[in-house]
>>> print(open('final_17.txt').read())   # compact mmCIF, C-alpha atoms and all ligand atoms
# COMPACT_ATOMS: atom_id res chain seq x y z
CA MET A 1 -29.63 -0.04 15.65
CA LYS A 2 -31.99 0.19 12.66
CA THR A 3 -32.03 3.55 10.92
CA ASN A 4 -35.24 5.49 11.51
CA ILE A 5 -36.90 7.18 8.52
CA ASP A 6 -38.49 9.80 10.79
CA GLN A 7 -34.99 11.19 11.46
CA CYS A 8 -35.08 12.68 7.95
CA ILE A 9 -35.73 16.45 8.01
CA LYS A 10 -36.03 16.73 4.17
CA CYS A 11 -33.01 19.01 3.86
CA SER A 12 -31.96 17.35 0.54
CA ILE A 13 -28.26 17.56 1.39
CA CYS A 14 -27.98 13.88 0.40
CA ASN A 15 -29.38 14.70 -3.07
CA ALA A 16 -26.83 17.48 -3.53
CA TYR A 17 -23.99 14.99 -3.03
CA CYS A 18 -25.34 11.79 -4.65
CA PRO A 19 -23.12 11.05 -7.69
CA VAL A 20 -25.67 8.79 -9.38
CA LEU A 21 -28.41 11.45 -9.19
CA LYS A 22 -26.01 13.89 -10.90
CA ALA A 23 -25.20 11.34 -13.60
CA THR A 24 -28.63 10.06 -14.62
CA GLY A 25 -32.28 11.02 -14.64
CA LEU A 26 -33.16 7.35 -14.07
CA PHE A 27 -32.44 7.61 -10.34
CA PRO A 28 -34.64 9.92 -8.22
CA GLY A 29 -31.95 10.51 -5.57
CA PRO A 30 -31.34 9.26 -2.04
CA LYS A 31 -34.03 11.33 -0.35
CA LEU A 32 -36.86 10.08 -2.54
CA CYS A 33 -35.54 6.53 -3.02
CA GLY A 34 -34.56 6.29 0.68
CA PRO A 35 -36.71 7.65 3.50
CA ASP A 36 -39.55 9.00 1.30
CA ALA A 37 -40.15 5.82 -0.70
CA GLU A 38 -39.54 3.63 2.34
CA ARG A 39 -42.86 4.85 3.78
CA PHE A 40 -44.64 3.51 0.70
CA ARG A 41 -42.59 0.31 0.54
CA LEU A 42 -43.39 -0.47 4.19
CA LYS A 43 -47.10 -0.21 3.36
CA GLY A 44 -46.70 -2.47 0.33
CA LYS A 45 -47.38 0.37 -2.15
CA PRO A 46 -45.71 0.01 -5.57
CA ILE A 47 -42.42 1.90 -5.94
CA PRO A 48 -40.21 1.33 -9.02
CA ALA A 49 -37.83 -1.49 -8.06
CA GLU A 50 -35.09 -0.26 -10.42
CA TRP A 51 -34.62 2.86 -8.26
CA LEU A 52 -33.07 0.68 -5.55
CA GLU A 53 -30.76 -0.99 -8.03
CA PHE A 54 -29.47 2.33 -9.38
CA CYS A 55 -27.85 3.19 -6.04
CA ASP A 56 -24.15 2.32 -6.38
CA TYR A 57 -23.69 1.94 -2.60
CA CYS A 58 -20.99 4.61 -2.37
CA LYS A 59 -22.42 5.68 1.03
CA ILE A 60 -21.75 9.37 0.34
CA CYS A 61 -25.35 10.25 1.29
CA GLU A 62 -24.92 8.53 4.65
CA ARG A 63 -21.73 10.48 5.33
CA VAL A 64 -23.25 13.88 4.57
CA CYS A 65 -26.70 13.42 6.15
CA PRO A 66 -26.85 15.75 9.18
CA HIS A 67 -29.47 13.52 10.83
CA ASN A 68 -27.69 10.19 10.52
CA VAL A 69 -30.20 8.58 8.15
CA ARG A 70 -28.41 5.54 6.75
CA ILE A 71 -29.98 5.58 3.31
CA PRO A 72 -27.91 2.77 1.71
CA GLU A 73 -28.98 0.56 4.61
CA LEU A 74 -32.64 1.40 3.82
CA HIS A 75 -32.03 0.39 0.20
CA ILE A 76 -30.43 -2.92 1.19
CA ARG A 77 -33.14 -3.59 3.77
CA SER A 78 -35.80 -3.19 1.06
CA ARG A 79 -33.86 -5.48 -1.26
CA ILE A 80 -33.59 -8.10 1.50
CA ALA A 81 -37.38 -7.77 2.00
CA GLY A 82 -37.82 -8.73 -1.66
CA LYS A 83 -38.79 -5.30 -3.05
CA THR A 84 -36.61 -5.89 -6.14
CA PRO A 85 -36.91 -8.74 -8.68
CA LYS A 86 -34.88 -11.90 -8.15
CA PRO A 87 -31.23 -11.37 -9.20
CA SER A 88 -30.41 -12.59 -12.70
CA PHE A 89 -27.78 -15.17 -13.71
CA ARG A 90 -25.53 -12.23 -14.64
CA ASP A 91 -25.88 -10.88 -11.10
CA TRP A 92 -25.14 -14.36 -9.71
CA LEU A 93 -21.90 -14.43 -11.69
CA LEU A 94 -20.86 -10.92 -10.59
CA GLY A 95 -21.81 -11.65 -6.98
CA HIS A 96 -19.69 -14.81 -7.03
CA SER A 97 -16.73 -13.07 -8.68
CA TYR A 98 -14.38 -14.86 -6.26
CA LEU A 99 -15.27 -18.18 -7.94
CA LEU A 100 -14.66 -16.72 -11.41
CA GLU A 101 -11.33 -15.27 -10.27
CA LYS A 102 -10.29 -18.66 -8.89
CA LEU A 103 -11.34 -20.39 -12.11
CA GLY A 104 -9.62 -17.73 -14.23
CA GLY A 105 -6.38 -18.21 -12.27
CA TRP A 106 -6.42 -21.99 -12.81
CA GLY A 107 -7.10 -21.52 -16.49
CA THR A 108 -4.30 -19.04 -17.36
CA PRO A 109 -3.10 -18.32 -20.01
CA VAL A 110 -6.20 -19.63 -21.86
CA SER A 111 -8.60 -17.71 -19.59
CA ASN A 112 -6.76 -14.42 -20.31
CA TRP A 113 -6.86 -15.09 -24.02
CA ILE A 114 -10.63 -15.82 -23.90
CA ASN A 115 -11.14 -12.72 -21.74
CA ARG A 116 -9.64 -10.52 -24.46
CA TRP A 117 -11.45 -12.26 -27.35
CA ALA A 118 -13.88 -9.72 -28.86
CA PHE A 119 -16.46 -12.39 -29.75
CA PHE A 120 -16.50 -13.68 -26.16
CA ARG A 121 -16.97 -10.11 -24.88
CA TRP A 122 -19.81 -9.60 -27.38
CA LEU A 123 -21.45 -12.84 -26.14
CA LEU A 124 -21.15 -11.70 -22.52
CA ASP A 125 -22.71 -8.37 -23.48
CA ARG A 126 -25.59 -9.64 -25.63
CA GLY A 127 -26.22 -12.87 -23.72
CA LEU A 128 -25.71 -11.81 -20.13
CA GLY A 129 -25.63 -8.02 -19.96
CA ILE A 130 -21.96 -7.59 -18.98
CA ASP A 131 -20.85 -4.55 -20.94
CA HIS A 132 -18.27 -5.35 -23.63
CA ARG A 133 -16.47 -2.02 -23.04
CA ILE A 134 -15.40 -2.89 -19.51
CA LYS A 135 -11.72 -3.82 -19.38
CA MET A 136 -11.39 -6.99 -17.37
CA PRO A 137 -8.07 -7.37 -15.53
CA PRO A 138 -5.88 -10.41 -16.30
CA PHE A 139 -5.84 -13.48 -14.05
CA HIS A 140 -2.66 -14.83 -12.41
CA ARG A 141 -1.66 -18.44 -11.99
CA GLN A 142 0.71 -17.50 -9.15
CA THR A 143 -1.80 -16.19 -6.59
CA PHE A 144 -0.68 -14.13 -3.63
CA THR A 145 -1.37 -16.98 -1.17
CA ARG A 146 0.65 -19.43 -3.27
CA TRP A 147 3.58 -16.98 -3.31
CA PHE A 148 3.21 -16.46 0.43
CA GLN A 149 3.26 -20.20 1.25
CA ARG A 150 6.62 -20.57 -0.46
CA ARG A 151 8.14 -17.67 1.39
CA LYS A 152 10.76 -18.18 4.12
CA ASP A 153 9.54 -17.58 7.65
CA PHE A 154 10.26 -14.10 8.98
CA LYS A 155 10.81 -13.33 12.67
CA GLY A 156 8.88 -10.40 14.06
CA THR A 157 5.69 -9.24 15.75
CA PRO A 158 2.79 -11.21 14.27
CA ILE A 159 0.16 -9.32 12.30
CA ALA A 160 -2.76 -10.83 10.40
CA TYR A 161 -3.53 -9.71 6.86
CA PHE A 162 -7.02 -9.91 5.32
CA HIS A 163 -5.98 -9.67 1.66
CA GLY A 164 -9.36 -10.22 -0.03
CA CYS A 165 -10.00 -11.92 -3.38
CA TYR A 166 -8.79 -9.17 -5.68
CA THR A 167 -5.30 -9.08 -4.19
CA ASN A 168 -5.10 -12.85 -4.17
CA TYR A 169 -6.21 -13.56 -7.73
CA ILE A 170 -5.90 -10.31 -9.70
CA ASP A 171 -3.27 -8.13 -8.00
CA PRO A 172 -0.87 -10.49 -6.17
CA ALA A 173 1.88 -7.85 -6.53
CA LEU A 174 0.01 -5.70 -3.99
CA GLY A 175 -0.03 -8.59 -1.50
CA ARG A 176 3.72 -9.06 -1.96
CA ASP A 177 4.33 -5.34 -1.39
CA MET A 178 2.14 -5.40 1.73
CA VAL A 179 4.21 -8.25 3.20
CA GLU A 180 7.50 -6.57 2.34
CA VAL A 181 6.48 -3.17 3.77
CA LEU A 182 5.29 -4.82 6.99
CA GLU A 183 8.51 -6.84 7.27
CA LYS A 184 10.52 -3.63 6.81
CA ASN A 185 8.76 -2.51 9.98
CA GLY A 186 9.48 -5.66 11.98
CA PHE A 187 6.20 -7.53 11.50
CA ARG A 188 5.70 -11.18 10.69
CA VAL A 189 2.65 -11.45 8.45
CA ILE A 190 0.24 -14.31 8.96
CA LEU A 191 -2.70 -15.08 6.70
CA PRO A 192 -5.79 -16.16 8.62
CA ASP A 193 -8.24 -18.50 6.81
CA GLN A 194 -10.44 -16.21 4.78
CA GLU A 195 -13.25 -16.13 2.26
CA CYS A 196 -14.51 -13.30 0.07
CA CYS A 197 -15.72 -10.51 2.40
CA GLY A 198 -19.19 -10.87 0.83
CA LEU A 199 -19.66 -7.34 -0.56
CA PRO A 200 -20.13 -8.49 -4.21
CA LEU A 201 -22.89 -10.83 -2.96
CA VAL A 202 -24.55 -8.05 -0.95
CA SER A 203 -24.53 -5.60 -3.85
CA ASN A 204 -25.94 -8.21 -6.23
CA GLY A 205 -28.73 -9.30 -3.89
CA PHE A 206 -27.41 -12.59 -2.42
CA PHE A 207 -27.68 -11.89 1.28
CA ALA A 208 -27.81 -15.46 2.63
CA GLY A 209 -24.59 -16.32 0.76
CA ALA A 210 -22.91 -13.14 2.05
CA THR A 211 -23.92 -14.05 5.61
CA ARG A 212 -22.42 -17.53 5.25
CA LEU A 213 -19.08 -16.09 4.09
CA GLY A 214 -19.22 -13.42 6.80
CA GLU A 215 -19.76 -16.04 9.51
CA LYS A 216 -16.72 -18.00 8.32
CA ASN A 217 -14.53 -14.87 8.21
CA LEU A 218 -15.74 -13.77 11.61
CA LYS A 219 -14.93 -17.16 13.18
CA SER A 220 -11.41 -17.15 11.76
CA LEU A 221 -10.64 -13.47 12.51
CA ARG A 222 -12.01 -13.73 16.04
CA LYS A 223 -9.60 -16.55 16.77
CA VAL A 224 -6.71 -14.33 15.63
CA VAL A 225 -7.90 -11.30 17.59
CA GLU A 226 -8.50 -13.36 20.73
CA GLY A 227 -4.87 -14.48 20.43
CA GLY A 228 -3.88 -10.79 20.78
CA ILE A 229 -3.02 -10.25 17.08
CA GLU A 230 -4.20 -7.15 15.18
CA VAL A 231 -5.76 -7.54 11.73
CA ILE A 232 -5.02 -5.23 8.82
CA PHE A 233 -6.63 -4.97 5.38
CA SER A 234 -5.56 -3.29 2.14
CA SER A 235 -9.02 -3.04 0.53
CA PRO A 236 -11.27 -0.37 2.10
CA SER A 237 -14.35 -2.14 0.66
CA CYS A 238 -13.47 -5.47 2.33
CA GLY A 239 -12.63 -3.62 5.55
CA MET A 240 -15.85 -1.62 5.49
CA THR A 241 -17.89 -4.79 4.91
CA ILE A 242 -16.31 -6.62 7.86
CA LYS A 243 -16.28 -3.61 10.19
CA GLN A 244 -19.73 -2.23 9.39
CA GLU A 245 -21.96 -4.43 7.20
CA TYR A 246 -21.52 -7.74 9.06
CA ASP A 247 -23.23 -6.08 11.97
CA SER A 248 -25.59 -3.49 10.48
CA ILE A 249 -26.76 -5.28 7.28
CA LEU A 250 -26.08 -8.98 7.76
CA HIS A 251 -26.69 -9.00 11.54
CA ILE A 252 -23.98 -11.59 12.23
CA PRO A 253 -23.82 -12.08 16.02
CA GLY A 254 -20.53 -10.93 17.56
CA ALA A 255 -19.43 -8.93 14.49
CA SER A 256 -19.17 -5.62 16.36
CA ILE A 257 -16.48 -7.06 18.70
CA LEU A 258 -14.12 -7.49 15.76
CA SER A 259 -14.42 -3.94 14.51
CA GLU A 260 -11.95 -2.27 16.88
CA HIS A 261 -9.17 -4.80 16.11
CA LEU A 262 -9.25 -4.25 12.34
CA SER A 263 -7.25 -1.44 10.74
CA GLU A 264 -6.81 -0.11 7.26
CA ILE A 265 -3.12 -0.45 6.31
CA SER A 266 -2.28 3.26 5.88
CA GLN A 267 -4.11 4.07 9.11
CA PHE A 268 -2.05 1.36 10.82
CA LEU A 269 1.28 2.58 9.40
CA LEU A 270 0.49 6.20 10.22
CA ARG A 271 -0.25 5.18 13.80
CA LEU A 272 3.19 3.51 13.88
CA HIS A 273 4.72 6.76 12.66
CA GLU A 274 2.94 8.77 15.36
CA GLU A 275 4.38 6.37 17.93
CA GLY A 276 7.85 6.89 16.41
CA LYS A 277 8.04 3.25 15.26
CA LEU A 278 7.74 3.57 11.47
CA ASN A 279 10.83 2.80 9.42
CA THR A 280 11.19 6.03 7.43
CA SER A 281 14.37 5.20 5.54
CA PHE A 282 12.66 6.16 2.28
CA LYS A 283 14.60 6.85 -0.89
CA ARG A 284 13.83 9.98 -2.87
CA ILE A 285 11.05 9.84 -5.49
CA SER A 286 11.25 13.10 -7.44
CA ASP A 287 7.84 13.06 -9.08
CA THR A 288 4.24 14.27 -8.89
CA TYR A 289 1.50 11.68 -8.40
CA TYR A 290 -2.25 12.09 -7.96
CA TYR A 291 -4.37 10.58 -5.22
CA HIS A 292 -8.01 9.50 -5.35
CA ALA A 293 -9.74 8.83 -2.03
CA PRO A 294 -12.22 5.91 -2.37
CA CYS A 295 -15.78 6.30 -1.09
CA HIS A 296 -15.50 3.22 1.11
CA LEU A 297 -12.33 4.59 2.73
CA ARG A 298 -14.24 7.77 3.53
CA ALA A 299 -17.08 5.59 4.89
CA LEU A 300 -14.58 4.11 7.37
CA GLN A 301 -14.09 7.61 8.81
CA VAL A 302 -10.33 7.27 9.29
CA GLY A 303 -9.43 10.43 7.35
CA LEU A 304 -6.98 10.10 4.45
CA PRO A 305 -3.95 8.50 6.17
CA ALA A 306 -2.27 7.57 2.86
CA LEU A 307 -1.71 11.27 2.09
CA ASP A 308 0.11 11.82 5.40
CA LEU A 309 2.19 8.68 4.91
CA LEU A 310 3.20 9.52 1.36
CA SER A 311 4.24 13.01 2.45
CA LEU A 312 7.10 11.30 4.36
CA ILE A 313 8.75 10.27 1.08
CA PRO A 314 11.38 12.86 0.13
CA GLY A 315 10.79 14.60 -3.21
CA LEU A 316 7.32 13.14 -3.77
CA LYS A 317 4.44 15.53 -4.39
CA VAL A 318 0.98 13.99 -4.12
CA ILE A 319 -2.02 16.01 -5.32
CA GLU A 320 -5.49 15.01 -4.17
CA LEU A 321 -8.03 14.70 -7.01
CA PRO A 322 -11.50 16.29 -6.79
CA GLU A 323 -13.59 14.48 -4.18
CA GLY A 324 -16.06 12.03 -5.71
CA CYS A 325 -16.96 8.50 -6.68
CA CYS A 326 -15.11 6.77 -9.56
CA GLY A 327 -18.38 5.06 -10.54
CA LEU A 328 -17.33 1.42 -10.84
CA ALA A 329 -18.59 0.45 -7.37
CA GLY A 330 -17.47 -3.18 -7.51
CA SER A 331 -19.53 -4.86 -10.21
CA TYR A 332 -22.02 -1.97 -10.77
CA GLY A 333 -20.12 -0.53 -13.76
CA PHE A 334 -19.82 -4.01 -15.35
CA LYS A 335 -23.58 -4.09 -16.00
CA ARG A 336 -24.67 -3.00 -19.47
CA GLU A 337 -27.51 -0.81 -18.19
CA LYS A 338 -25.14 0.89 -15.70
CA TYR A 339 -21.89 1.19 -17.67
CA ALA A 340 -22.61 4.69 -19.05
CA VAL A 341 -23.87 5.92 -15.66
CA ALA A 342 -20.72 4.60 -13.96
CA ARG A 343 -18.52 6.39 -16.50
CA GLU A 344 -20.46 9.63 -16.08
CA VAL A 345 -20.21 9.37 -12.28
CA GLY A 346 -16.41 9.32 -12.50
CA GLU A 347 -16.09 11.85 -15.34
CA GLU A 348 -14.96 14.76 -13.17
CA ILE A 349 -12.03 12.70 -11.89
CA PHE A 350 -11.14 11.45 -15.39
CA GLN A 351 -11.26 14.97 -16.82
CA ALA A 352 -9.00 16.31 -14.06
CA LEU A 353 -6.46 13.60 -14.87
CA ARG A 354 -6.61 14.21 -18.62
CA LYS A 355 -6.23 17.97 -18.13
CA ARG A 356 -3.16 17.55 -15.94
CA LYS A 357 -1.68 14.81 -18.16
CA ALA A 358 -1.27 12.62 -15.07
CA LYS A 359 0.82 9.49 -15.37
CA VAL A 360 0.31 7.88 -11.97
CA VAL A 361 -2.73 7.73 -9.70
CA ILE A 362 -2.64 6.30 -6.21
CA SER A 363 -5.80 4.90 -4.68
CA ASP A 364 -6.49 2.51 -1.83
CA CYS A 365 -9.38 0.71 -3.55
CA GLU A 366 -9.04 -1.92 -6.28
CA ALA A 367 -12.29 -0.93 -8.04
CA CYS A 368 -11.18 2.73 -8.19
CA ARG A 369 -7.79 1.72 -9.57
CA MET A 370 -9.46 -0.47 -12.19
CA GLN A 371 -11.96 2.20 -13.27
CA ILE A 372 -9.46 5.10 -13.33
CA GLY A 373 -6.87 3.00 -15.15
CA SER A 374 -9.28 1.76 -17.81
CA GLN A 375 -11.01 5.12 -18.40
CA THR A 376 -7.85 7.25 -18.57
CA GLY A 377 -4.96 4.88 -19.32
CA VAL A 378 -2.91 6.13 -16.33
CA LYS A 379 -0.90 3.72 -14.17
CA THR A 380 -2.51 3.05 -10.80
CA TYR A 381 -1.02 1.92 -7.52
CA HIS A 382 -2.07 1.24 -3.94
CA PRO A 383 -0.32 3.63 -1.46
CA VAL A 384 1.62 0.69 0.00
CA GLN A 385 3.14 0.01 -3.42
CA ILE A 386 4.59 3.53 -3.45
CA LEU A 387 6.01 3.00 0.04
CA ARG A 388 7.53 -0.26 -1.18
CA GLN A 389 9.17 1.61 -4.07
CA ALA A 390 10.48 4.22 -1.64
CA TYR A 391 12.08 1.56 0.57
CA GLY A 392 13.93 0.35 -2.52
CA GLU A 393 15.42 -3.13 -2.76
S1 LIG B 1 -29.59 14.45 4.10
FE1 LIG B 1 -30.58 13.13 5.63
S2 LIG B 1 -32.05 14.47 6.61
FE2 LIG B 1 -31.48 15.49 4.68
S3 LIG B 1 -33.01 14.75 3.18
FE3 LIG B 1 -31.27 13.37 3.06
S4 LIG B 1 -31.83 11.70 4.46
FE4 LIG B 1 -33.14 13.42 4.95
S1 LIG B 2 -25.20 5.36 -1.62
FE1 LIG B 2 -24.33 6.74 -3.17
S2 LIG B 2 -25.48 6.29 -5.04
FE2 LIG B 2 -26.63 5.40 -3.32
S3 LIG B 2 -28.11 6.97 -2.84
FE3 LIG B 2 -26.34 7.26 -1.49
S4 LIG B 2 -25.06 8.78 -2.53
FE4 LIG B 2 -26.52 8.00 -4.04
>>> encode(input="final_17.txt", output="C-alpha cells")
Amino acid sequence: MKTNIDQCIKCSICNAYCPVLKATGLFPGPKLCGPDAERFRLKGKPIPAEWLEFCDYCKICERVCPHNVRIPELHIRSRIAGKTPKPSFRDWLLGHSYLLEKLGGWGTPVSNWINRWAFFRWLLDRGLGIDHRIKMPPFHRQTFTRWFQRRKDFKGTPIAYFHGCYTNYIDPALGRDMVEVLEKNGFRVILPDQECCGLPLVSNGFFAGATRLGEKNLKSLRKVVEGGIEVIFSSPSCGMTIKQEYDSILHIPGASILSEHLSEISQFLLRLHEEGKLNTSFKRISDTYYYHAPCHLRALQVGLPALDLLSLIPGLKVIELPEGCCGLAGSYGFKREKYAVAREVGEEIFQALRKRKAKVVISDCEACRMQIGSQTGVKTYHPVQILRQAYGE
C-alpha cells in the first residue's frame, strides 16, 4: 500500500533522528523533504532536486515515525517520477558496481594495483566525482562461487544462500565461513541462481534495471522456496531489498510471497538455538569486541540476533556501539559531494571506537564494515565469522 502523506502529524520525530540532517545544512530533513515537499512535487511546483539525493536511505525516519509515514519511499517515488536530474555516468558506474566487481576480479592483480594508484584515484575524483579518499576494497580472483563449485558435496538438510555481490567478489572469506558454520549445524548449502539484489541501482536512480534484476532473483528464489527450502542471506541490505523493496518500491508481482521464507543468518541461527538445535560447541574467545547494528538490519525489524548469538561464546564480551548510521550507505559515501557528509554521519561511532581503542568491530553489513574499517583502522568481521572462529578448525 502506498504511503499517505496525510498520515503525517508534523511531530518532527523523524527530523530528530535523521543522521544526514544532523550532519549537514544542505539537507532540510525528512519531514520537509518527505511529506511536506511531496505536496508541492505532486502539484509540479519546483522543489530543490538535490534534497532528494541527500537522503542516504538509512530508513531511520521510517522506523521512528509514530504514524507510519514511509519517507524514504516518498523520496524514491519522486525520483522514479523524474523529479531529480538524470543520473550521471558516475552514478551509472556505482549503480552497476556488480559489473565493476566482476571485471576487477578477472583483472587481478592488475586491477588492485590500478585501484591503489594515486593518479588513477585522482582521475576518478576529478573526472567522475568518486572521492579519492574512499578506500576501495581489493578484488579477488577466487570468487566465493568459484570456491563453492570446487567443494565436495556435503550431506545434510538443504538450505539456500543468497550471498550477494560483495561476498562473492570482495569478501569471499565471509561466504566460506557461512558455508562452514551452516555445515557445522547439519545443513547442506545450495546456491540458487542469483543476480545483484538491485539496491545499488535503486539508490543511484536506475529503477528499470533494478526491476529486471529483481524479477530474475524472484523467479529463481521462488523455485527454491516452492521446493520447501528456506533461504538465508548474510547482507541485511540485500535481504531488505528482496523482502521489502521488490514489493513496495519496484512493485514486482509475487514478491511479497517470498518475504516469509527469507531469513537473516543470525536470526536463523538464533531460531535454531531457541529450538535446541544449534551446535554450541564453541571454543573460548577471551576478548572484548564491539558491535555496530546496521540501519538496514534494524529496518528488517528482527531485533539484534547477532548479540544474542555471540553471547553464547564463552569468554567473549561484545559491547554495542552507540546507535546510528555509519554514513557510507552503499555508494553514497563514494560520491565527492557526499564524502564529508558520510564521514560526519558516522563520526559518533568512529569517536567511540577511537576513545575505547577498539581493535575489532563486528557488523552484519558490508558497507558498515568498509566504512568503519577505513575511517578507524579497526579490523571488522561479520558475526558469522566470529562464530566460525569459535567453532575452531
Ligand atoms: S515522524 Fe512521521 S508524523 Fe512525525 S513529522 Fe515525521 S513523517 Fe510526520
Ligand atoms: S532515510 Fe535516513 S537520511 Fe533519508 S530522510 Fe530518512 S533518516 Fe534521513
>>> closest_residue(input="final_17.txt", among="A:Leu94, A:Leu21, A:Leu99, A:Val69", to="ligand LIG 1 (chain B)", atoms="all atoms listed in the file")
A:Val69
>>> residues_around(input="final_17.txt", residues="A:Trp92", least_positions_apart="5", cutoff="10 Å", atoms="only C-alpha atoms", output="ChimeraX atom specification")
/A:87,97,200-201,204-206
>>> closest_atom_pairs(input="final_17.txt", of="chain A", to="ligand LIG 1 (chain B)", cutoff="6 Å", atoms="all atoms listed in the file", output="CSV")
residue,atom,partner,partner_atom,distance
A:Cys8,CA,B:LIG1,FE4,3.6
A:Ile9,CA,B:LIG1,S2,4.4
A:Lys10,CA,B:LIG1,S3,3.7
A:Cys11,CA,B:LIG1,FE2,3.9
A:Ser12,CA,B:LIG1,S3,3.9
A:Ile13,CA,B:LIG1,S1,4.3
A:Cys14,CA,B:LIG1,S1,4.1
A:Lys31,CA,B:LIG1,FE3,4.8
A:Cys65,CA,B:LIG1,S1,3.7
A:Pro66,CA,B:LIG1,FE1,5.8
A:His67,CA,B:LIG1,S2,5.0
A:Val69,CA,B:LIG1,S4,5.1
>>> residues_near_ligand(input="final_17.txt", ligand="ligand LIG 2 (chain B)", cutoff="7 Å", atoms="all atoms listed in the file", output="number ranges by chain")
A: 14, 17-21, 29-30, 55-62, 71-72
>>> atom_distance(input="final_17.txt", atom1="atom CA of A:Arg79", atom2="atom CA of A:Leu297")
24.1 Å
>>> residues_around(input="final_17.txt", residues="A:Arg126", least_positions_apart="5", cutoff="12 Å", atoms="only C-alpha atoms", output="ChimeraX atom specification")
/A:90,119-121,131-132,335-337
>>> atom_distance(input="final_17.txt", atom1="atom CA of A:Ile229", atom2="atom CA of A:Leu174")
21.8 Å
>>> atom_distance(input="final_17.txt", atom1="atom CA of A:Phe40", atom2="atom CA of A:Val64")
24.1 Å
>>> residues_around(input="final_17.txt", residues="stretch 298-312 of chain A", least_positions_apart="3", cutoff="8 Å", atoms="all atoms listed in the file", output="number ranges by chain")
A: 59-60, 63, 236, 240, 266-267, 269-270, 280, 282, 291, 293-295, 316-318, 383, 386-387
>>> residues_near_point(input="final_17.txt", point="(-10.6, -16.6, -16.6)", cutoff="7 Å", atoms="only C-alpha atoms", output="PyMOL selection string")
chain A and resi 100-101+103-105+107-108+111-112+115+139
>>> residues_around(input="final_17.txt", residues="A:Met370", least_positions_apart="2", cutoff="9 Å", atoms="all atoms listed in the file", output="ChimeraX atom specification")
/A:135-137,328,365-368,372-375,380
>>> closest_residue(input="final_17.txt", among="A:Ile80, A:Ile170, A:Leu32, A:Leu262", to="A:Glu230", atoms="only C-alpha atoms")
A:Leu262
>>> closest_residue(input="final_17.txt", among="A:Ile47, A:Ala208, A:Val384, A:Leu272", to="A:Ser234", atoms="only C-alpha atoms")
A:Val384
>>> closest_residue(input="final_17.txt", among="A:Ile134, A:Ala352, A:Ala342, A:Ala390", to="A:Ile285", atoms="all atoms listed in the file")
A:Ala390
>>> closest_residue(input="final_17.txt", among="A:Ser235, A:Thr84, A:Thr3, A:Ser203", to="A:Asn68", atoms="all atoms listed in the file")
A:Thr3
>>> residues_around(input="final_17.txt", residues="A:Gly156", least_positions_apart="2", cutoff="9 Å", atoms="only C-alpha atoms", output="list in words")
Phe154, Pro158, Ile159, Glu183, Asn185, Gly186, Phe187, Arg188 and Val189 of chain A
>>> build_atoms(input="final_17.txt", residues="stretch 136-147 of chain A", atoms="N, CA and C atoms", output="PDB file, in the frame of the given file")
ATOM      1  N   MET A 136     -11.551  -6.036 -18.478  1.00  0.00           N
ATOM      2  CA  MET A 136     -11.390  -6.990 -17.370  1.00  0.00           C
ATOM      3  C   MET A 136      -9.906  -7.212 -17.098  1.00  0.00           C
ATOM      4  N   PRO A 137      -9.505  -7.178 -15.844  1.00  0.00           N
ATOM      5  CA  PRO A 137      -8.070  -7.370 -15.530  1.00  0.00           C
ATOM      6  C   PRO A 137      -7.643  -8.811 -15.770  1.00  0.00           C
ATOM      7  N   PRO A 138      -6.351  -9.031 -16.061  1.00  0.00           N
ATOM      8  CA  PRO A 138      -5.880 -10.410 -16.300  1.00  0.00           C
ATOM      9  C   PRO A 138      -5.813 -11.238 -15.012  1.00  0.00           C
ATOM     10  N   PHE A 139      -5.966 -12.548 -15.182  1.00  0.00           N
ATOM     11  CA  PHE A 139      -5.840 -13.480 -14.050  1.00  0.00           C
ATOM     12  C   PHE A 139      -4.371 -13.866 -13.878  1.00  0.00           C
ATOM     13  N   HIS A 140      -4.050 -14.405 -12.693  1.00  0.00           N
ATOM     14  CA  HIS A 140      -2.660 -14.830 -12.410  1.00  0.00           C
ATOM     15  C   HIS A 140      -2.643 -16.261 -11.906  1.00  0.00           C
ATOM     16  N   ARG A 141      -1.772 -17.062 -12.483  1.00  0.00           N
ATOM     17  CA  ARG A 141      -1.660 -18.440 -11.990  1.00  0.00           C
ATOM     18  C   ARG A 141      -1.006 -18.454 -10.601  1.00  0.00           C
ATOM     19  N   GLN A 142       0.029 -17.594 -10.447  1.00  0.00           N
ATOM     20  CA  GLN A 142       0.710 -17.500  -9.150  1.00  0.00           C
ATOM     21  C   GLN A 142      -0.083 -16.533  -8.264  1.00  0.00           C
ATOM     22  N   THR A 143      -1.001 -17.067  -7.452  1.00  0.00           N
ATOM     23  CA  THR A 143      -1.800 -16.190  -6.590  1.00  0.00           C
ATOM     24  C   THR A 143      -0.918 -15.666  -5.454  1.00  0.00           C
ATOM     25  N   PHE A 144      -1.441 -14.683  -4.758  1.00  0.00           N
ATOM     26  CA  PHE A 144      -0.680 -14.130  -3.630  1.00  0.00           C
ATOM     27  C   PHE A 144      -0.462 -15.206  -2.568  1.00  0.00           C
ATOM     28  N   THR A 145      -1.507 -15.981  -2.251  1.00  0.00           N
ATOM     29  CA  THR A 145      -1.370 -16.980  -1.170  1.00  0.00           C
ATOM     30  C   THR A 145      -0.350 -18.052  -1.552  1.00  0.00           C
ATOM     31  N   ARG A 146      -0.325 -18.431  -2.835  1.00  0.00           N
ATOM     32  CA  ARG A 146       0.650 -19.430  -3.270  1.00  0.00           C
ATOM     33  C   ARG A 146       2.074 -18.873  -3.110  1.00  0.00           C
ATOM     34  N   TRP A 147       2.263 -17.616  -3.483  1.00  0.00           N
ATOM     35  CA  TRP A 147       3.580 -16.980  -3.310  1.00  0.00           C
ATOM     36  C   TRP A 147       3.950 -16.954  -1.824  1.00  0.00           C
TER      37      TRP A 147
END
